[in-house]
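This is run.tsv. It holds TSV, C-alpha atoms.
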```
chain	number	residue	atom	x	y	z
A	1	MET	CA	-48.18	113.97	115.45
A	2	GLU	CA	-51.92	114.31	115.79
A	3	ILE	CA	-53.84	113.02	118.77
A	4	GLY	CA	-57.38	112.03	117.94
A	5	ASN	CA	-59.78	109.33	116.86
A	6	VAL	CA	-59.10	107.23	113.79
A	7	SER	CA	-62.07	105.71	112.01
A	8	GLY	CA	-61.85	102.06	111.17
A	9	ARG	CA	-59.36	101.25	113.93
A	10	ASN	CA	-59.91	98.98	116.91
A	11	PRO	CA	-59.23	101.12	120.00
A	12	SER	CA	-58.95	98.09	122.24
A	13	SER	CA	-55.68	97.14	120.55
A	14	ASP	CA	-54.42	100.12	118.51
A	15	TRP	CA	-53.66	103.51	119.95
A	16	CYS	CA	-51.52	105.08	117.26
A	17	ARG	CA	-50.55	104.87	113.62
A	18	VAL	CA	-48.07	106.59	111.32
A	19	ARG	CA	-49.04	108.46	108.20
A	20	ARG	CA	-46.44	109.37	105.60
A	21	ARG	CA	-46.60	113.03	104.68
A	22	LYS	CA	-43.13	113.11	103.18
A	23	GLU	CA	-40.76	110.25	102.51
A	24	GLU	CA	-38.43	111.35	105.27
A	25	GLU	CA	-40.99	112.79	107.66
A	26	PRO	CA	-43.58	110.36	109.11
A	27	GLU	CA	-46.57	111.67	111.02
A	28	VAL	CA	-47.71	109.75	114.07
A	29	GLU	CA	-51.39	109.73	114.97
A	30	LEU	CA	-52.41	108.70	118.48
A	31	LEU	CA	-55.85	107.62	119.59
A	32	PRO	CA	-57.90	109.03	122.49
A	33	HIS	CA	-56.09	107.11	125.24
A	34	CYS	CA	-53.20	109.53	124.72
A	35	ALA	CA	-55.49	112.55	124.49
A	36	ARG	CA	-56.48	111.93	128.09
A	37	ASP	CA	-52.96	112.90	129.11
A	38	PRO	CA	-52.75	116.69	128.52
A	39	GLY	CA	-49.25	116.81	130.00
A	40	SER	CA	-48.05	114.19	127.49
A	41	ASN	CA	-46.49	112.13	130.29
A	42	LEU	CA	-47.78	108.83	128.92
A	43	THR	CA	-46.59	109.61	125.41
A	44	THR	CA	-43.16	110.72	126.58
A	45	ALA	CA	-42.75	107.61	128.72
A	46	ALA	CA	-43.72	105.39	125.78
A	47	LEU	CA	-41.22	107.10	123.50
A	48	GLN	CA	-38.44	106.73	126.04
A	49	ARG	CA	-39.09	102.99	126.12
A	50	LEU	CA	-38.10	102.91	122.45
A	51	ARG	CA	-34.56	103.80	123.65
A	52	PRO	CA	-33.94	106.93	121.59
A	53	ASP	CA	-30.51	108.54	121.37
A	54	ASN	CA	-31.92	111.90	122.37
A	55	GLU	CA	-34.08	113.22	125.20
A	56	VAL	CA	-37.55	113.23	123.71
A	57	THR	CA	-39.85	116.14	124.46
A	58	VAL	CA	-43.49	116.09	123.42
A	59	SER	CA	-44.93	119.50	122.57
A	60	ILE	CA	-48.72	119.60	122.84
A	61	SER	CA	-50.45	122.16	120.60
A	62	SER	CA	-53.21	122.97	123.09
A	63	ARG	CA	-53.54	122.63	126.86
A	64	THR	CA	-56.75	122.18	128.83
A	65	ASP	CA	-57.78	122.97	132.38
A	66	THR	CA	-57.43	120.22	134.95
A	67	GLY	CA	-60.21	117.67	134.55
A	68	VAL	CA	-61.17	118.78	131.03
A	69	HIS	CA	-61.42	115.98	128.47
A	70	ALA	CA	-60.26	116.04	124.84
A	71	HIS	CA	-61.33	114.02	121.81
A	72	CYS	CA	-58.54	115.42	119.66
A	73	ASN	CA	-55.23	117.23	120.08
A	74	SER	CA	-51.98	117.64	118.14
A	75	ALA	CA	-48.40	117.32	119.24
A	76	HIS	CA	-44.82	117.07	117.94
A	77	PHE	CA	-41.72	115.14	118.96
A	78	ASP	CA	-38.26	114.42	117.54
A	79	LEU	CA	-36.97	110.87	117.90
A	80	ARG	CA	-33.39	109.98	116.99
A	81	ARG	CA	-32.04	106.43	117.03
A	82	LYS	CA	-28.55	105.49	118.13
A	83	LYS	CA	-25.65	105.98	115.70
A	84	GLY	CA	-25.58	103.38	112.95
A	85	LYS	CA	-29.27	102.52	113.21
A	86	GLU	CA	-31.81	103.40	110.53
A	87	PRO	CA	-34.82	105.58	111.42
A	88	PHE	CA	-37.77	103.66	112.79
A	89	PRO	CA	-39.89	102.09	110.04
A	90	GLU	CA	-43.53	103.07	110.23
A	91	GLU	CA	-44.70	99.61	111.26
A	92	LEU	CA	-42.11	99.29	114.04
A	93	LEU	CA	-42.86	102.75	115.43
A	94	VAL	CA	-46.59	102.04	115.42
A	95	SER	CA	-46.29	98.64	117.09
A	96	GLY	CA	-43.80	99.95	119.65
A	97	LEU	CA	-45.95	102.89	120.71
A	98	ASN	CA	-49.13	100.78	120.68
A	99	PHE	CA	-47.47	98.29	123.01
A	100	HIS	CA	-46.34	100.90	125.53
A	101	LEU	CA	-49.53	103.00	125.33
A	102	LYS	CA	-51.87	100.07	125.78
A	103	PRO	CA	-54.11	100.89	128.76
A	104	GLU	CA	-54.80	98.61	131.67
A	105	PRO	CA	-57.68	96.25	130.92
A	106	ILE	CA	-61.06	97.34	132.26
A	107	ARG	CA	-62.24	94.58	134.57
A	108	PRO	CA	-65.93	94.19	135.46
A	109	LEU	CA	-66.99	95.20	138.95
A	110	ASN	CA	-68.59	92.84	141.42
A	111	THR	CA	-71.96	94.59	141.46
A	112	ASP	CA	-73.54	92.13	143.89
A	113	ALA	CA	-70.90	92.95	146.51
A	114	MET	CA	-71.33	96.67	145.80
A	115	ARG	CA	-75.09	96.46	146.38
A	116	GLU	CA	-74.57	94.52	149.60
A	117	ALA	CA	-72.12	97.17	150.82
A	118	ALA	CA	-74.42	100.02	149.76
A	119	SER	CA	-77.27	98.57	151.82
A	120	LEU	CA	-75.14	98.98	154.96
A	121	LEU	CA	-75.05	102.73	154.39
A	122	LEU	CA	-78.84	103.13	154.34
A	123	GLY	CA	-80.56	104.71	157.31
A	124	THR	CA	-79.38	107.15	159.96
A	125	HIS	CA	-75.72	106.85	160.91
A	126	ASP	CA	-72.75	108.82	162.12
A	127	PHE	CA	-70.97	109.33	158.78
A	128	SER	CA	-67.80	110.85	160.26
A	129	THR	CA	-65.59	108.37	158.38
A	130	PHE	CA	-67.21	109.36	155.10
A	131	ARG	CA	-66.61	113.09	155.31
A	132	SER	CA	-63.52	115.15	154.64
A	133	LEU	CA	-62.45	117.63	157.26
A	134	ASN	CA	-62.76	121.36	156.64
A	135	SER	CA	-63.35	124.55	158.61
A	136	GLU	CA	-67.05	123.73	159.06
A	137	THR	CA	-66.52	120.24	160.51
A	138	PRO	CA	-66.75	121.30	164.20
A	139	PHE	CA	-70.10	123.00	163.57
A	140	LYS	CA	-71.90	120.28	161.61
A	141	SER	CA	-73.38	117.10	163.01
A	142	PRO	CA	-72.09	113.92	161.34
A	143	LEU	CA	-75.51	112.30	161.76
A	144	LYS	CA	-77.14	111.92	158.34
A	145	THR	CA	-79.98	109.83	156.98
A	146	LEU	CA	-79.30	108.10	153.68
A	147	LEU	CA	-82.60	107.32	151.97
A	148	GLN	CA	-81.22	105.75	148.79
A	149	ALA	CA	-77.98	104.05	147.77
A	150	GLU	CA	-78.74	102.33	144.47
A	151	LEU	CA	-76.56	100.83	141.75
A	152	THR	CA	-78.16	100.65	138.30
A	153	PRO	CA	-77.04	100.28	134.66
A	154	GLY	CA	-76.10	103.73	133.38
A	155	THR	CA	-75.19	105.68	130.28
A	156	SER	CA	-72.48	108.18	129.48
A	157	ILE	CA	-71.84	110.84	126.85
A	158	ALA	CA	-68.71	108.80	126.12
A	159	THR	CA	-70.86	106.04	124.58
A	160	GLN	CA	-71.56	108.41	121.69
A	161	GLN	CA	-67.95	107.90	120.65
A	162	THR	CA	-67.33	104.66	118.79
A	163	HIS	CA	-64.16	103.90	120.78
A	164	HIS	CA	-66.23	103.76	124.01
A	165	SER	CA	-69.34	102.02	122.65
A	166	HIS	CA	-68.26	98.64	124.04
A	167	LEU	CA	-67.96	99.90	127.63
A	168	GLU	CA	-70.58	99.22	130.32
A	169	PHE	CA	-71.46	102.13	132.59
A	170	LEU	CA	-73.03	102.06	136.05
A	171	ASP	CA	-74.88	104.76	137.98
A	172	LEU	CA	-74.64	105.12	141.75
A	173	THR	CA	-77.54	107.16	143.11
A	174	PHE	CA	-77.58	108.57	146.63
A	175	ARG	CA	-80.51	110.46	148.16
A	176	SER	CA	-80.51	112.22	151.50
A	177	PRO	CA	-81.95	115.39	153.07
A	178	SER	CA	-78.34	116.63	153.14
A	179	PHE	CA	-74.78	115.40	152.81
A	180	LEU	CA	-71.51	116.04	154.57
A	181	TYR	CA	-68.47	117.52	152.83
A	182	LYS	CA	-67.28	114.99	150.19
A	183	GLN	CA	-69.54	112.31	151.68
A	184	VAL	CA	-70.84	111.16	148.29
A	185	ARG	CA	-67.35	110.95	146.79
A	186	ARG	CA	-66.11	108.93	149.75
A	187	MET	CA	-69.07	106.55	149.67
A	188	THR	CA	-68.67	106.12	145.91
A	189	GLY	CA	-64.94	105.44	146.16
A	190	ALA	CA	-65.47	102.89	148.90
A	191	LEU	CA	-68.17	101.05	146.95
A	192	VAL	CA	-66.02	100.97	143.81
A	193	ALA	CA	-63.20	99.54	145.94
A	194	VAL	CA	-65.62	96.79	146.99
A	195	GLY	CA	-66.47	96.16	143.35
A	196	ARG	CA	-62.78	95.81	142.55
A	197	GLY	CA	-62.19	93.43	145.43
A	198	ARG	CA	-59.96	95.83	147.35
A	199	LEU	CA	-62.54	96.07	150.14
A	200	THR	CA	-65.36	93.80	151.29
A	201	PRO	CA	-68.89	94.75	152.36
A	202	GLN	CA	-67.79	94.00	155.91
A	203	HIS	CA	-65.09	96.68	155.61
A	204	ILE	CA	-67.79	99.25	154.76
A	205	GLY	CA	-69.60	98.43	157.98
A	206	GLU	CA	-66.36	98.67	159.92
A	207	LEU	CA	-65.53	102.06	158.39
A	208	LEU	CA	-68.97	103.29	159.33
A	209	GLU	CA	-68.45	102.15	162.92
A	210	CYS	CA	-65.03	103.84	163.13
A	211	ARG	CA	-66.63	107.30	163.03
A	212	ASP	CA	-63.24	108.78	162.21
A	213	SER	CA	-62.47	110.64	158.99
A	214	ARG	CA	-58.83	109.59	159.23
A	215	ALA	CA	-59.79	105.91	159.02
A	216	TYR	CA	-60.91	106.31	155.41
A	217	PRO	CA	-58.28	105.15	152.84
A	218	GLY	CA	-57.47	108.43	151.12
A	219	SER	CA	-56.63	106.80	147.79
A	220	PHE	CA	-60.19	105.48	147.40
A	221	ILE	CA	-62.03	108.82	147.23
A	222	ALA	CA	-63.81	109.19	143.88
A	223	PRO	CA	-62.89	112.14	141.63
A	224	PRO	CA	-65.45	114.94	141.28
A	225	SER	CA	-65.70	114.62	137.49
A	226	GLY	CA	-68.32	111.88	137.62
A	227	LEU	CA	-70.52	113.48	140.28
A	228	PHE	CA	-73.84	115.10	139.35
A	229	LEU	CA	-76.39	116.93	141.47
A	230	ASN	CA	-79.52	115.39	140.03
A	231	THR	CA	-82.39	117.11	141.79
A	232	VAL	CA	-83.36	119.10	144.88
A	233	GLU	CA	-86.64	118.18	146.53
A	234	TYR	CA	-88.76	120.18	148.98
A	235	ASP	CA	-91.59	119.22	151.26
A	236	GLU	CA	-94.75	120.95	150.07
A	237	ASN	CA	-95.42	122.20	153.59
A	238	ASP	CA	-92.09	124.04	153.57
A	239	LEU	CA	-93.09	125.91	150.42
A	240	ARG	CA	-96.38	127.23	151.75
A	241	VAL	CA	-96.55	130.84	152.89
A	242	LYS	CA	-97.91	130.92	156.43
A	243	ASP	CA	-100.95	133.12	157.07
A	244	ASP	CA	-99.34	134.83	160.03
A	245	ILE	CA	-96.50	136.28	157.89
A	246	THR	CA	-97.19	139.95	157.21
A	247	GLY	CA	-95.45	142.17	154.73
```

Can you present the structure in this file as structure tokens?
Amino acid sequence: MEIGNVSGRNPSSDWCRVRRRKEEEPEVELLPHCARDPGSNLTTAALQRLRPDNEVTVSISSRTDTGVHAHCNSAHFDLRRKKGKEPFPEELLVSGLNFHLKPEPIRPLNTDAMREAASLLLGTHDFSTFRSLNSETPFKSPLKTLLQAELTPGTSIATQQTHHSHLEFLDLTFRSPSFLYKQVRRMTGALVAVGRGRLTPQHIGELLECRDSRAYPGSFIAPPSGLFLNTVEYDENDLRVKDDITG
């Protein structure tokens, strides 16, 4: 079984196919949705739903570090049907795996609500709710000034792949003299939750007023993989060497 992209296929509906290498030995090819699961959990679960007579184990040819993406990978599994049943025909195996590997539909975000919620974060506030606690928390003021919280149409390296070309990407840009620990990830997660309808703009204001890190819904925090440090700006006056400094 090879995990990778297949040209000429529609990734929105097909995630695998079977190629016949030998008459008795079909090869299953899975599309990138499966490649996002280095531990093969999704593939194993899909195979178990086909009710095999054996415990199916998927052996991945190559592992990646946590958070690393893959466009292609290879794997092997043995699937035995119950006694008296013929081996799966190619078409049945393909349709069965496609059905169980079909990802959740990507629903558009409510960008108007996200922008309304983002505007509530602008200015100087106590951002205690939007920081994660660590050893430095007692020594750092939660007062921060957010100068920019902007949602704009974005791009992604993923759009270079044909199976992602139909997706719409958004950029969330935050600008501040400094941020608290995981503040950007918490703000991002909360705004995405607003876009999905799980929170309202009013909830963002209420979270801000709570001033308590424990009030933040932990499941909403955005993963670090989509976060970029874009630029670091300095005031020109801070870069000037003062005349009274002697060597």

Compile the contact shell of Arg131 of chain A as an mmCIF file with C-alpha atoms, keeping the file's coordinate frame: residues with an atom at most 10 Å away, counting all atoms listed in the file, same-chain residues fewer than 4 positions apart removed.
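And here's selection09.cif as it stands now:
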```cif
data_model
loop_
_atom_site.group_PDB
_atom_site.id
_atom_site.type_symbol
_atom_site.label_atom_id
_atom_site.label_comp_id
_atom_site.auth_asym_id
_atom_site.auth_seq_id
_atom_site.Cartn_x
_atom_site.Cartn_y
_atom_site.Cartn_z
ATOM 1 C CA PHE A 127 -70.970 109.330 158.780
ATOM 2 C CA THR A 137 -66.520 120.240 160.510
ATOM 3 C CA PRO A 142 -72.090 113.920 161.340
ATOM 4 C CA PHE A 179 -74.780 115.400 152.810
ATOM 5 C CA LEU A 180 -71.510 116.040 154.570
ATOM 6 C CA TYR A 181 -68.470 117.520 152.830
ATOM 7 C CA LYS A 182 -67.280 114.990 150.190
ATOM 8 C CA GLN A 183 -69.540 112.310 151.680
ATOM 9 C CA VAL A 184 -70.840 111.160 148.290
ATOM 10 C CA ARG A 185 -67.350 110.950 146.790
ATOM 11 C CA ARG A 186 -66.110 108.930 149.750
ATOM 12 C CA MET A 187 -69.070 106.550 149.670
ATOM 13 C CA ARG A 211 -66.630 107.300 163.030
ATOM 14 C CA ASP A 212 -63.240 108.780 162.210
ATOM 15 C CA SER A 213 -62.470 110.640 158.990
ATOM 16 C CA ARG A 214 -58.830 109.590 159.230
ATOM 17 C CA TYR A 216 -60.910 106.310 155.410
#
```

Task: Close residues, segment 55-63 of chain A itself excluded, 9 Å, all atoms listed in the file, min 5 positions apart in chain, as a list in words - done: Pro38, Gly39, Ser40, Asn41, Thr43, Thr44, Leu47, Gln48, Asn73, Ser74, Ala75, His76, Phe77, Asp78, Leu79 and Arg80 of chain A

Task: atom CA of Gly195 of chain A to atom CA of Lys144 of chain A, straight-line distance in Å - done: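 If I compute the distance from atom CA of Lys144 of chain A to atom CA of Gly195 of chain A, I get 24.2 Å.
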
Proximity check segment 119-210 of chain A to segment 224-237 of chain A, 10 Å, nearest pairs one decimal Å, all atoms listed in the file, as a Markdown table:
```
| residue | atom | partner | partner_atom | distance |
| --- | --- | --- | --- | --- |
| A:Ser156 | CA | A:Gly226 | CA | 9.9 |
| A:Asp171 | CA | A:Gly226 | CA | 9.7 |
| A:Leu172 | CA | A:Leu227 | CA | 9.4 |
| A:Thr173 | CA | A:Asn230 | CA | 9.0 |
| A:Phe174 | CA | A:Asn230 | CA | 9.7 |
| A:Arg175 | CA | A:Thr231 | CA | 9.4 |
| A:Ser176 | CA | A:Glu233 | CA | 9.9 |
| A:Pro177 | CA | A:Glu233 | CA | 8.5 |
| A:Ser178 | CA | A:Val232 | CA | 10.0 |
| A:Lys182 | CA | A:Pro224 | CA | 9.1 |
| A:Val184 | CA | A:Leu227 | CA | 8.3 |
| A:Arg185 | CA | A:Pro224 | CA | 7.1 |
| A:Thr188 | CA | A:Leu227 | CA | 9.4 |
```

Open item on the list: Between atom CA of Pro52 of chain A and atom CA of Lys82 of chain A, what distance in Å does the model show, to one decimal?
Closed with: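 Distance reported for this atom pair: 6.6 Å.
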
- [ ] Between A:Ala118, A:Phe130, A:Ala190, A:Ile106, single out the one closest to Phe169 of chain A, counting all atoms listed in the file.
- [x]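 The answer is A:Ile106, which sits nearest to Phe169 of chain A.
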
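Picture a line from atom CA of Arg107 of chain A to atom CA of Leu191 of chain A; it runs 15.2 Å.
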
TODO: Using all atoms listed in the file, determine which residues lie at most 9 Å from Gly197 of chain A, disregarding the query and same-chain residues fewer than 3 positions distant; provide the list as number ranges by chain.
DONE: A: 109-110, 113, 192-194, 200

Open item on the list: Calculated over all atoms listed in the file, which of the candidates A:Leu133, A:Val68, A:Leu121, A:Leu170 has the smallest distance to Leu147 of chain A?
Closed with: A:Leu121

- [ ] Compile the contact shell of Arg49 of chain A as a PyMOL selection string: residues with an atom at most 9 Å away, counting all atoms listed in the file, same-chain residues fewer than 6 positions apart removed.
- [x] chain A and resi 96-97+100
